[in-house]
Amino acid sequence: MIDRLAAFAEELRAIGIPVSMVEVIDAAEAMDHVDLSTSDGLRAALGATMVKSGRHRDAFDRAFDVFFELGGAGQPLLREGFDAARDADGLVPSIADALNRDDRDRLLELIREAVQRFGQLEAGRSGGSSYHAYRVLRRLDPDAIRDLLIRSAGQRGGTLDDRLAADRADRRIRTLREEVHREALRRLVEERGVASVARSVRGPLVEDLDLQHATVGEIKAIEQAIAPLARKLATRLSQRRRHGHRGRLDVRGTIRRSLAHGGVLVEPRFRKPRVAKPQIVLLCDTSGSMATFSRFTLQITHTIVSELSGVRSFVFVEGVDEVTGLFGSDQDFDASLRRIATAADVYRGDGHSDYGASFAEFTDRYLDSVAPRTTVIVTGDARTNFRTPAVDRFQIIADRARAVFWLNPEPERFWDTGDSVMGAYASRCDRVEEVRSLRQLEGFIERAALPIE
Amino acid sequence: MDTFDSPDAVAGALRSVGYLPDPTIAQVVFLAHRLEKPILAEGPAGVGKTALALAIAEAAGRRLVRLQCYEGLDESKALYEWNYHKQLLRLQRDEGKEWDDLQEGIFSESFLLSRPLLEAIRSEDPVVLLIDEVDRVEVETEALLLEMLDTFQVTIPELGTITSATKPVVVLTSNNTRELSEALKRRCLYLHLDYPTIEREREILRSRVPDLDEAMALRIAETVASIRMIEMRKRPSVSESLDWARALLALGLDVDSEATIETLNVLLKHRADIERVAEQLRVVGDR
């Protein structure tokens, strides 16, 4: 069992979940106190000791399934003499019926049959479990089953009833999909062994997803994970404010206070230190090539704006426009996005980004926003579409600011290729970082509070 | 103490004081007691993180010591503080004594003001220590907790190290507004709490609002779950769905679209959320 635990820890690390040695020892110790006859207790014990973030939970569960739940369970494959002629059309009503009655055992039995029939699991095929699950689900057609479920729900006919019936159907379809995946996985584990299957189901963690090319589903997950990070950035940037909250000794105040104690200097008074508000200027490229990434940078901006006061934010494509006021105090990010999309005046011609013109316009119109204590953060790929980069204008901004950070969502090896002029701007920045994933963003945030040489 | 004998015993004890744990919660509480490790409960506001600590204390018959975290919390509010005024009085009374005697006297336990962490450690009887909303303190303040969480001891330079006589059960809660440090997480058993499943919420409703019948409890649980799926600023918490159930009962309303829209202000606390949900609930038919 200990060997298996060690291999499991190794697998979690391979996925990218940080599991320290202490945590593996804790897990081993926890296992001593767990009833191992079912996997639920073990799942809870290992989850609590080895996975310390909610966003790693799904990846943990998947790996746990492969390692401890599905392997070698020895479920009978199929009952003898099942109706060999039954095809998907015959299975679907039974599955819908089992879902409707929340009859889990019956459902699992039917799914085993479905995977056996349509999963194409004959030895020698090399698809991953999702390939086989996909084949099964395509035959079963979950959308049709969903319609069946909704239709069979006896309705009272109010809008709320319809809504709840649809929700119920959605939940059941989700169960169906999950169980088909698990069954396909179980079959694969049986056939190929734990190690090889574990490797094949490894997916990237949220923090390793590519911010530029995230799919719709991934965007949702990233957005959830980004909020605590953005708040951390906000605190990092404002940290200088809080350090040393005691100012110089206030002699007059101390003596005045001492009168209450008969002239004994009991409590020293301190002057309030002068609060230097962090001033931050955010400049986001929102052109088409940056569409997905700028969604995230705007979300970060949104969070920072709602946490700190001295923040001004701008978006640019061919020109630049201030959007600080468009992030309402209502914390509704989607509404802010819509306001920015309609109200920000950043297009001048063909809609391709023009860094030079944008920086020039910024120095003309908004240079006041950059003061000696201001930190400027630019997000963009520095692809100018072969227009003049106007580095001299960027230099003016950099000269006035306390620091300039540039976050580029492109891989570093593509910088300065084609129309990218990252190098020209980079020499004027205090720090330029490749930020393609939340992990890299977190790294930047960790370093953001470090003093700038 | 038989409360912590097995996960089932934990579950039973928590149930008996009105907290319905899912199997994972019971297992983690059981392990926390066995391994003498703190629990870090993380999840959205209103899923019963603080309630869990209160329930553990009540179920085990232990005193609850609570440290509410906030931005700017420091040692003197979390750990201990010297009673300055008392020390000064003593000095004035002892005027003329030798320095060594003076110093000896004024840094003793009777001049110490215990704050929650020290109080939990010095307690004769085992306690439950709740460190609430730990994500609100700065990263630097987190470090203050580490010694305490590791070995259940506190070092006071003038007095030495105070080790706890009994092992407290420690529960930290976090709303995940920021990432906690690795060092802190490593020392804890992690418990991710989310909104309850419909089945569990129905049970909670039934146990906390006994007048509710089975069908209505299920319908309320389903409706709340459905509303939680709508994108909004603050999703309804478990306690808000309890309030809503009580309100519906008091008003004698059925759970339908009109009644829900009329009573949304019990469930939701933001104008914009109420408007958005009402709009969604009015949409007819399958989405």
# chains A, B, ... in the order shown; residues from 1 in each chain; ligands from 1
call {"tool": "closest_atom_pairs", "arguments": {"of": "chain B", "to": "chain A", "cutoff": "7 Å", "atoms": "only C-alpha atoms", "output": "tab-separated table"}}
result
residue	atom	partner	partner_atom	distance
B:Thr24	CA	A:Ala44	CA	5.4
B:Gln27	CA	A:Ala44	CA	6.5
B:Val28	CA	A:Ala45	CA	6.7
B:Leu31	CA	A:Ala30	CA	6.7
B:Asn176	CA	A:Pro228	CA	6.6
B:Thr177	CA	A:Pro228	CA	4.9
B:Arg178	CA	A:Pro228	CA	4.2
B:Glu179	CA	A:Pro228	CA	6.2
B:Lys185	CA	A:Lys52	CA	6.2
B:Arg186	CA	A:Glu23	CA	6.7
B:Leu189	CA	A:Ala48	CA	4.8
B:Tyr190	CA	A:Ala48	CA	4.4
B:Leu191	CA	A:Ala48	CA	5.9
B:His192	CA	A:Gly54	CA	5.9
B:Glu222	CA	A:Leu164	CA	6.7
B:Thr223	CA	A:Leu164	CA	6.8
B:Ser226	CA	A:Asp167	CA	6.8
B:Arg233	CA	A:Asp332	CA	6.8
B:Asp256	CA	A:Leu160	CA	5.8
B:Ser257	CA	A:Leu160	CA	5.1
B:Leu281	CA	A:Leu160	CA	6.7
B:Arg282	CA	A:Thr159	CA	6.8
B:Val283	CA	A:Thr159	CA	6.9
B:Val284	CA	A:Thr159	CA	5.1
B:Gly285	CA	A:Asp162	CA	5.7
B:Asp286	CA	A:Asp162	CA	6.2
call {"tool": "write_last_selection", "arguments": {"atoms": "N, CA and C atoms", "output": "PDB file, in the first residue's frame"}}
result
ATOM      1  N   THR B  24     -17.188  13.081   3.862  1.00  0.00           N
ATOM      2  CA  THR B  24     -15.833  13.634   3.829  1.00  0.00           C
ATOM      3  C   THR B  24     -15.569  14.500   5.055  1.00  0.00           C
ATOM      4  N   GLN B  27     -15.004  12.344   8.057  1.00  0.00           N
ATOM      5  CA  GLN B  27     -13.702  11.679   7.972  1.00  0.00           C
ATOM      6  C   GLN B  27     -12.565  12.642   8.324  1.00  0.00           C
ATOM      7  N   VAL B  28     -12.630  13.859   7.798  1.00  0.00           N
ATOM      8  CA  VAL B  28     -11.543  14.807   8.025  1.00  0.00           C
ATOM      9  C   VAL B  28     -11.513  15.269   9.486  1.00  0.00           C
ATOM     10  N   LEU B  31      -9.931  12.494  11.392  1.00  0.00           N
ATOM     11  CA  LEU B  31      -8.485  12.445  11.181  1.00  0.00           C
ATOM     12  C   LEU B  31      -7.774  13.589  11.894  1.00  0.00           C
ATOM     13  N   ASN B 176     -11.098  31.950   0.647  1.00  0.00           N
ATOM     14  CA  ASN B 176     -10.312  31.881  -0.580  1.00  0.00           C
ATOM     15  C   ASN B 176     -10.271  33.215  -1.324  1.00  0.00           C
ATOM     16  N   THR B 177     -10.242  34.318  -0.587  1.00  0.00           N
ATOM     17  CA  THR B 177     -10.097  35.597  -1.275  1.00  0.00           C
ATOM     18  C   THR B 177      -8.658  35.809  -1.690  1.00  0.00           C
ATOM     19  N   ARG B 178      -7.735  35.100  -1.047  1.00  0.00           N
ATOM     20  CA  ARG B 178      -6.374  35.106  -1.568  1.00  0.00           C
ATOM     21  C   ARG B 178      -5.763  33.740  -1.275  1.00  0.00           C
ATOM     22  N   GLU B 179      -4.679  33.449  -1.979  1.00  0.00           N
ATOM     23  CA  GLU B 179      -3.987  32.188  -1.776  1.00  0.00           C
ATOM     24  C   GLU B 179      -3.262  32.211  -0.442  1.00  0.00           C
ATOM     25  N   LYS B 185      -0.565  25.862   4.557  1.00  0.00           N
ATOM     26  CA  LYS B 185      -1.373  24.760   4.022  1.00  0.00           C
ATOM     27  C   LYS B 185      -0.758  23.406   4.351  1.00  0.00           C
ATOM     28  N   ARG B 186       0.577  23.354   4.302  1.00  0.00           N
ATOM     29  CA  ARG B 186       1.263  22.088   4.541  1.00  0.00           C
ATOM     30  C   ARG B 186       0.935  21.536   5.930  1.00  0.00           C
ATOM     31  N   LEU B 189      -4.873  19.827   7.519  1.00  0.00           N
ATOM     32  CA  LEU B 189      -5.681  18.944   6.692  1.00  0.00           C
ATOM     33  C   LEU B 189      -6.624  19.849   5.921  1.00  0.00           C
ATOM     34  N   TYR B 190      -6.682  19.650   4.626  1.00  0.00           N
ATOM     35  CA  TYR B 190      -7.455  20.560   3.797  1.00  0.00           C
ATOM     36  C   TYR B 190      -8.865  20.008   3.585  1.00  0.00           C
ATOM     37  N   LEU B 191      -9.841  20.851   3.837  1.00  0.00           N
ATOM     38  CA  LEU B 191     -11.228  20.444   3.642  1.00  0.00           C
ATOM     39  C   LEU B 191     -11.885  21.465   2.730  1.00  0.00           C
ATOM     40  N   HIS B 192     -12.189  21.038   1.517  1.00  0.00           N
ATOM     41  CA  HIS B 192     -12.835  21.951   0.590  1.00  0.00           C
ATOM     42  C   HIS B 192     -14.344  21.838   0.772  1.00  0.00           C
ATOM     43  N   GLU B 222     -34.036  22.388  -4.541  1.00  0.00           N
ATOM     44  CA  GLU B 222     -33.816  22.405  -5.990  1.00  0.00           C
ATOM     45  C   GLU B 222     -33.823  23.822  -6.539  1.00  0.00           C
ATOM     46  N   THR B 223     -34.745  24.638  -6.019  1.00  0.00           N
ATOM     47  CA  THR B 223     -34.842  26.007  -6.514  1.00  0.00           C
ATOM     48  C   THR B 223     -33.593  26.803  -6.146  1.00  0.00           C
ATOM     49  N   SER B 226     -30.778  25.831  -8.301  1.00  0.00           N
ATOM     50  CA  SER B 226     -30.954  26.391  -9.636  1.00  0.00           C
ATOM     51  C   SER B 226     -30.542  27.865  -9.660  1.00  0.00           C
ATOM     52  N   ARG B 233     -23.308  38.187  -7.971  1.00  0.00           N
ATOM     53  CA  ARG B 233     -22.291  38.716  -7.088  1.00  0.00           C
ATOM     54  C   ARG B 233     -22.149  37.877  -5.824  1.00  0.00           C
ATOM     55  N   ASP B 256     -43.403  28.696  -6.285  1.00  0.00           N
ATOM     56  CA  ASP B 256     -43.534  28.840  -7.727  1.00  0.00           C
ATOM     57  C   ASP B 256     -42.834  30.125  -8.141  1.00  0.00           C
ATOM     58  N   SER B 257     -42.871  30.423  -9.439  1.00  0.00           N
ATOM     59  CA  SER B 257     -42.113  31.564  -9.928  1.00  0.00           C
ATOM     60  C   SER B 257     -42.496  32.856  -9.208  1.00  0.00           C
ATOM     61  N   LEU B 281     -35.952  33.967 -13.894  1.00  0.00           N
ATOM     62  CA  LEU B 281     -37.045  33.103 -13.461  1.00  0.00           C
ATOM     63  C   LEU B 281     -38.308  33.346 -14.275  1.00  0.00           C
ATOM     64  N   ARG B 282     -38.370  34.519 -14.903  1.00  0.00           N
ATOM     65  CA  ARG B 282     -39.558  34.821 -15.712  1.00  0.00           C
ATOM     66  C   ARG B 282     -39.500  34.170 -17.079  1.00  0.00           C
ATOM     67  N   VAL B 283     -38.291  33.776 -17.502  1.00  0.00           N
ATOM     68  CA  VAL B 283     -38.152  33.167 -18.820  1.00  0.00           C
ATOM     69  C   VAL B 283     -38.956  31.877 -18.860  1.00  0.00           C
ATOM     70  N   VAL B 284     -39.794  31.768 -19.859  1.00  0.00           N
ATOM     71  CA  VAL B 284     -40.671  30.604 -19.934  1.00  0.00           C
ATOM     72  C   VAL B 284     -39.986  29.488 -20.706  1.00  0.00           C
ATOM     73  N   GLY B 285     -40.212  28.275 -20.240  1.00  0.00           N
ATOM     74  CA  GLY B 285     -39.804  27.110 -21.012  1.00  0.00           C
ATOM     75  C   GLY B 285     -38.365  26.697 -20.808  1.00  0.00           C
ATOM     76  N   ASP B 286     -37.971  25.730 -21.596  1.00  0.00           N
ATOM     77  CA  ASP B 286     -36.649  25.130 -21.516  1.00  0.00           C
ATOM     78  C   ASP B 286     -35.599  26.123 -22.006  1.00  0.00           C
TER      79      ASP B 286
END
call {"tool": "select_by_dssp", "arguments": {"residues": "region 37-227 of chain B", "states": "strand (DSSP E)", "output": "PyMOL selection string"}}
result
chain B and resi 39-42+63-68+80-82+112-114+127-132+153-156+160-163+169-174+189-192
call {"tool": "residues_around", "arguments": {"residues": "Val127 (chain B)", "least_positions_apart": "5", "cutoff": "8 Å", "atoms": "only C-alpha atoms", "output": "VMD selection string"}}
result
chain B and resid 57 62 to 65 120 167 to 169
call {"tool": "write_last_selection", "arguments": {"atoms": "C-alpha atoms", "output": "PDB file, in the first residue's frame"}}
result
ATOM      1  CA  ALA B  57     -17.209  22.299  20.063  1.00  0.00           C
ATOM      2  CA  ARG B  62     -15.559  21.673  24.556  1.00  0.00           C
ATOM      3  CA  ARG B  63     -15.194  25.385  25.004  1.00  0.00           C
ATOM      4  CA  LEU B  64     -14.789  27.339  21.774  1.00  0.00           C
ATOM      5  CA  VAL B  65     -11.972  29.864  21.572  1.00  0.00           C
ATOM      6  CA  ALA B 120      -6.327  28.004  23.733  1.00  0.00           C
ATOM      7  CA  LYS B 167      -4.509  19.167  22.384  1.00  0.00           C
ATOM      8  CA  PRO B 168      -7.035  21.594  21.002  1.00  0.00           C
ATOM      9  CA  VAL B 169      -8.948  20.794  17.831  1.00  0.00           C
TER      10      VAL B 169
END
call {"tool": "select_by_dssp", "arguments": {"residues": "region 43-245 of chain B", "states": "helix (DSSP H, G or I)", "output": "VMD selection string"}}
result
chain B and resid 49 to 60 75 to 78 84 to 93 99 to 106 109 to 111 116 to 122 134 to 136 139 to 151 182 to 186 198 to 208 214 to 228 238 to 245
call {"tool": "write_last_selection", "arguments": {"atoms": "C-alpha atoms", "output": "JSON list (two decimals), in the first residue's frame"}}
result
[["chain", "number", "residue", "atom", "x", "y", "z"],
["B", 49, "LYS", "CA", -17.29, 26.55, 7.65],
["B", 50, "THR", "CA", -17.63, 28.48, 10.89],
["B", 51, "ALA", "CA", -20.70, 26.45, 11.80],
["B", 52, "LEU", "CA", -18.56, 23.31, 11.58],
["B", 53, "ALA", "CA", -16.20, 24.57, 14.29],
["B", 54, "LEU", "CA", -19.12, 25.60, 16.49],
["B", 55, "ALA", "CA", -20.71, 22.19, 15.99],
["B", 56, "ILE", "CA", -17.51, 20.32, 16.84],
["B", 57, "ALA", "CA", -17.21, 22.30, 20.06],
["B", 58, "GLU", "CA", -20.79, 21.65, 20.99],
["B", 59, "ALA", "CA", -20.70, 17.97, 20.04],
["B", 60, "ALA", "CA", -17.54, 17.32, 22.02],
["B", 75, "GLU", "CA", 0.69, 39.51, 17.85],
["B", 76, "SER", "CA", -0.76, 41.62, 20.62],
["B", 77, "LYS", "CA", -4.27, 40.82, 19.45],
["B", 78, "ALA", "CA", -3.73, 37.19, 18.47],
["B", 84, "TYR", "CA", 1.33, 47.60, 30.72],
["B", 85, "HIS", "CA", -0.73, 49.46, 33.27],
["B", 86, "LYS", "CA", -0.51, 46.72, 35.83],
["B", 87, "GLN", "CA", 3.25, 46.49, 35.40],
["B", 88, "LEU", "CA", 3.54, 50.21, 35.94],
["B", 89, "LEU", "CA", 1.47, 50.14, 39.13],
["B", 90, "ARG", "CA", 3.68, 47.37, 40.43],
["B", 91, "LEU", "CA", 6.82, 49.35, 39.65],
["B", 92, "GLN", "CA", 5.53, 52.38, 41.46],
["B", 93, "ARG", "CA", 4.65, 50.33, 44.51],
["B", 99, "TRP", "CA", 16.58, 45.91, 39.51],
["B", 100, "ASP", "CA", 16.78, 42.13, 39.39],
["B", 101, "ASP", "CA", 13.83, 41.72, 41.76],
["B", 102, "LEU", "CA", 11.80, 44.22, 39.84],
["B", 103, "GLN", "CA", 12.43, 42.60, 36.50],
["B", 104, "GLU", "CA", 11.71, 39.17, 37.90],
["B", 105, "GLY", "CA", 8.31, 40.21, 39.11],
["B", 106, "ILE", "CA", 6.80, 42.14, 36.30],
["B", 109, "GLU", "CA", 2.21, 35.18, 34.07],
["B", 110, "SER", "CA", 0.06, 37.39, 36.24],
["B", 111, "PHE", "CA", 1.01, 40.35, 34.06],
["B", 116, "PRO", "CA", -7.11, 33.71, 21.81],
["B", 117, "LEU", "CA", -4.11, 31.66, 20.64],
["B", 118, "LEU", "CA", -2.41, 31.68, 24.04],
["B", 119, "GLU", "CA", -5.70, 31.14, 25.76],
["B", 120, "ALA", "CA", -6.33, 28.00, 23.73],
["B", 121, "ILE", "CA", -2.90, 26.68, 24.66],
["B", 122, "ARG", "CA", -3.12, 27.51, 28.34],
["B", 134, "VAL", "CA", -7.53, 33.45, 8.00],
["B", 135, "ASP", "CA", -7.29, 34.73, 4.42],
["B", 136, "ARG", "CA", -7.89, 38.24, 5.71],
["B", 139, "VAL", "CA", 1.01, 36.90, 4.57],
["B", 140, "GLU", "CA", 3.45, 38.08, 7.25],
["B", 141, "THR", "CA", 0.92, 37.57, 10.02],
["B", 142, "GLU", "CA", 0.25, 34.04, 8.82],
["B", 143, "ALA", "CA", 3.78, 33.17, 9.96],
["B", 144, "LEU", "CA", 2.70, 33.94, 13.49],
["B", 145, "LEU", "CA", 0.38, 30.96, 13.38],
["B", 146, "LEU", "CA", 2.94, 28.47, 12.19],
["B", 147, "GLU", "CA", 4.65, 27.62, 15.50],
["B", 148, "MET", "CA", 1.31, 27.32, 17.16],
["B", 149, "LEU", "CA", -0.15, 25.02, 14.48],
["B", 150, "ASP", "CA", 2.94, 22.84, 14.33],
["B", 151, "THR", "CA", 3.50, 22.00, 17.94],
["B", 182, "GLU", "CA", 2.31, 26.91, 1.25],
["B", 183, "ALA", "CA", 3.80, 26.71, 4.74],
["B", 184, "LEU", "CA", 0.41, 27.17, 6.35],
["B", 185, "LYS", "CA", -1.37, 24.76, 4.02],
["B", 186, "ARG", "CA", 1.26, 22.09, 4.54],
["B", 198, "ILE", "CA", -29.54, 19.07, -3.22],
["B", 199, "GLU", "CA", -29.98, 15.91, -1.18],
["B", 200, "ARG", "CA", -27.95, 17.27, 1.74],
["B", 201, "GLU", "CA", -29.50, 20.71, 1.61],
["B", 202, "ARG", "CA", -32.92, 19.08, 1.75],
["B", 203, "GLU", "CA", -31.85, 17.22, 4.88],
["B", 204, "ILE", "CA", -30.48, 20.41, 6.43],
["B", 205, "LEU", "CA", -33.75, 22.20, 5.68],
["B", 206, "ARG", "CA", -35.74, 19.36, 7.20],
["B", 207, "SER", "CA", -33.71, 19.24, 10.36],
["B", 208, "ARG", "CA", -33.53, 23.00, 10.92],
["B", 214, "GLU", "CA", -40.60, 16.52, 2.58],
["B", 215, "ALA", "CA", -41.80, 17.67, -0.85],
["B", 216, "MET", "CA", -41.46, 21.37, -0.10],
["B", 217, "ALA", "CA", -37.97, 20.92, 1.37],
["B", 218, "LEU", "CA", -36.88, 19.17, -1.84],
["B", 219, "ARG", "CA", -38.44, 21.87, -3.98],
["B", 220, "ILE", "CA", -36.76, 24.64, -2.02],
["B", 221, "ALA", "CA", -33.41, 22.85, -2.23],
["B", 222, "GLU", "CA", -33.82, 22.40, -5.99],
["B", 223, "THR", "CA", -34.84, 26.01, -6.51],
["B", 224, "VAL", "CA", -31.93, 27.36, -4.48],
["B", 225, "ALA", "CA", -29.51, 25.11, -6.37],
["B", 226, "SER", "CA", -30.95, 26.39, -9.64],
["B", 227, "ILE", "CA", -30.56, 30.02, -8.54],
["B", 228, "ARG", "CA", -26.97, 29.35, -7.48],
["B", 238, "VAL", "CA", -27.26, 27.77, 3.32],
["B", 239, "SER", "CA", -28.41, 30.06, 6.11],
["B", 240, "GLU", "CA", -30.17, 32.23, 3.55],
["B", 241, "SER", "CA", -32.00, 29.25, 2.11],
["B", 242, "LEU", "CA", -33.08, 28.40, 5.67],
["B", 243, "ASP", "CA", -34.36, 31.95, 6.11],
["B", 244, "TRP", "CA", -36.18, 31.68, 2.84],
["B", 245, "ALA", "CA", -37.82, 28.39, 3.83]]
call {"tool": "atom_distance", "arguments": {"atom1": "CA of Pro196 (chain B)", "atom2": "CA of Tyr19 (chain B)"}}
result
12.2 Å
call {"tool": "residues_around", "arguments": {"residues": "Glu133 (chain B)", "least_positions_apart": "5", "cutoff": "12 Å", "atoms": "only C-alpha atoms", "output": "list in words"}}
result
Leu40, Ala41, Glu42, Gly43, Pro44, Ala45, Lys49, Thr50, Arg66, Leu67, Gln68, Cys69, Tyr70, Glu71, Leu73, Glu138, Glu142, Val171, Leu172, Thr173, Ser174, Asn175, Asn176, Thr177, Arg178 and Leu180 of chain B
call {"tool": "atom_distance", "arguments": {"atom1": "CA of Leu337 (chain A)", "atom2": "CA of Val281 (chain A)"}}
result
18.3 Å
call {"tool": "residues_around", "arguments": {"residues": "Ser108 (chain B)", "least_positions_apart": "4", "cutoff": "9 Å", "atoms": "only C-alpha atoms", "output": "PyMOL selection string"}}
result
chain B and resi 104+112+158-159
call {"tool": "write_last_selection", "arguments": {"atoms": "C-alpha atoms", "output": "short mmCIF file (atom, residue, chain, number, x, y, z; two decimals), in the first residue's frame"}}
result
data_model
loop_
_atom_site.label_atom_id
_atom_site.label_comp_id
_atom_site.auth_asym_id
_atom_site.auth_seq_id
_atom_site.Cartn_x
_atom_site.Cartn_y
_atom_site.Cartn_z
CA GLU B 104 11.71 39.17 37.90
CA LEU B 112 0.20 38.54 30.86
CA GLU B 158 10.51 36.73 28.75
CA LEU B 159 8.81 33.55 29.91
#
call {"tool": "residues_around", "arguments": {"residues": "Gly119 (chain A)", "least_positions_apart": "4", "cutoff": "9 Å", "atoms": "only C-alpha atoms", "output": "PyMOL selection string"}}
result
chain A and resi 114-115+131-137+184
call {"tool": "decode", "arguments": {"residues": "region 222-267 of chain B", "atoms": "C-alpha atoms", "output": "PDB file, in the first residue's frame"}}
result
ATOM      1  CA  GLU B 222     -33.816  22.405  -5.990  1.00  0.00           C
ATOM      2  CA  THR B 223     -34.842  26.007  -6.514  1.00  0.00           C
ATOM      3  CA  VAL B 224     -31.934  27.362  -4.483  1.00  0.00           C
ATOM      4  CA  ALA B 225     -29.514  25.113  -6.371  1.00  0.00           C
ATOM      5  CA  SER B 226     -30.954  26.391  -9.636  1.00  0.00           C
ATOM      6  CA  ILE B 227     -30.560  30.017  -8.540  1.00  0.00           C
ATOM      7  CA  ARG B 228     -26.969  29.354  -7.475  1.00  0.00           C
ATOM      8  CA  MET B 229     -26.116  28.413 -11.043  1.00  0.00           C
ATOM      9  CA  ILE B 230     -26.928  31.936 -12.221  1.00  0.00           C
ATOM     10  CA  GLU B 231     -23.912  34.188 -12.491  1.00  0.00           C
ATOM     11  CA  MET B 232     -24.124  36.759  -9.697  1.00  0.00           C
ATOM     12  CA  ARG B 233     -22.291  38.716  -7.088  1.00  0.00           C
ATOM     13  CA  LYS B 234     -23.222  36.784  -3.946  1.00  0.00           C
ATOM     14  CA  ARG B 235     -24.860  33.385  -4.244  1.00  0.00           C
ATOM     15  CA  PRO B 236     -27.395  32.403  -1.595  1.00  0.00           C
ATOM     16  CA  SER B 237     -25.807  30.656   1.374  1.00  0.00           C
ATOM     17  CA  VAL B 238     -27.256  27.768   3.324  1.00  0.00           C
ATOM     18  CA  SER B 239     -28.413  30.056   6.105  1.00  0.00           C
ATOM     19  CA  GLU B 240     -30.170  32.234   3.548  1.00  0.00           C
ATOM     20  CA  SER B 241     -31.997  29.248   2.110  1.00  0.00           C
ATOM     21  CA  LEU B 242     -33.077  28.396   5.667  1.00  0.00           C
ATOM     22  CA  ASP B 243     -34.359  31.947   6.114  1.00  0.00           C
ATOM     23  CA  TRP B 244     -36.178  31.676   2.839  1.00  0.00           C
ATOM     24  CA  ALA B 245     -37.822  28.393   3.826  1.00  0.00           C
ATOM     25  CA  ARG B 246     -39.014  29.969   7.081  1.00  0.00           C
ATOM     26  CA  ALA B 247     -40.314  33.016   5.221  1.00  0.00           C
ATOM     27  CA  LEU B 248     -42.246  30.876   2.730  1.00  0.00           C
ATOM     28  CA  LEU B 249     -43.788  28.923   5.581  1.00  0.00           C
ATOM     29  CA  ALA B 250     -44.724  32.034   7.510  1.00  0.00           C
ATOM     30  CA  LEU B 251     -46.339  33.574   4.447  1.00  0.00           C
ATOM     31  CA  GLY B 252     -48.052  30.332   3.518  1.00  0.00           C
ATOM     32  CA  LEU B 253     -46.689  30.478  -0.022  1.00  0.00           C
ATOM     33  CA  ASP B 254     -46.089  27.681  -2.506  1.00  0.00           C
ATOM     34  CA  VAL B 255     -42.736  27.527  -4.256  1.00  0.00           C
ATOM     35  CA  ASP B 256     -43.534  28.840  -7.727  1.00  0.00           C
ATOM     36  CA  SER B 257     -42.113  31.564  -9.928  1.00  0.00           C
ATOM     37  CA  GLU B 258     -44.240  34.395  -8.558  1.00  0.00           C
ATOM     38  CA  ALA B 259     -43.698  33.529  -4.911  1.00  0.00           C
ATOM     39  CA  THR B 260     -39.967  33.078  -5.491  1.00  0.00           C
ATOM     40  CA  ILE B 261     -39.621  36.419  -7.250  1.00  0.00           C
ATOM     41  CA  GLU B 262     -41.625  38.156  -4.531  1.00  0.00           C
ATOM     42  CA  THR B 263     -39.455  36.761  -1.741  1.00  0.00           C
ATOM     43  CA  LEU B 264     -36.086  36.947  -3.485  1.00  0.00           C
ATOM     44  CA  ASN B 265     -34.923  39.654  -1.114  1.00  0.00           C
ATOM     45  CA  VAL B 266     -34.698  37.021   1.619  1.00  0.00           C
ATOM     46  CA  LEU B 267     -32.416  34.890  -0.496  1.00  0.00           C
TER      47      LEU B 267
END
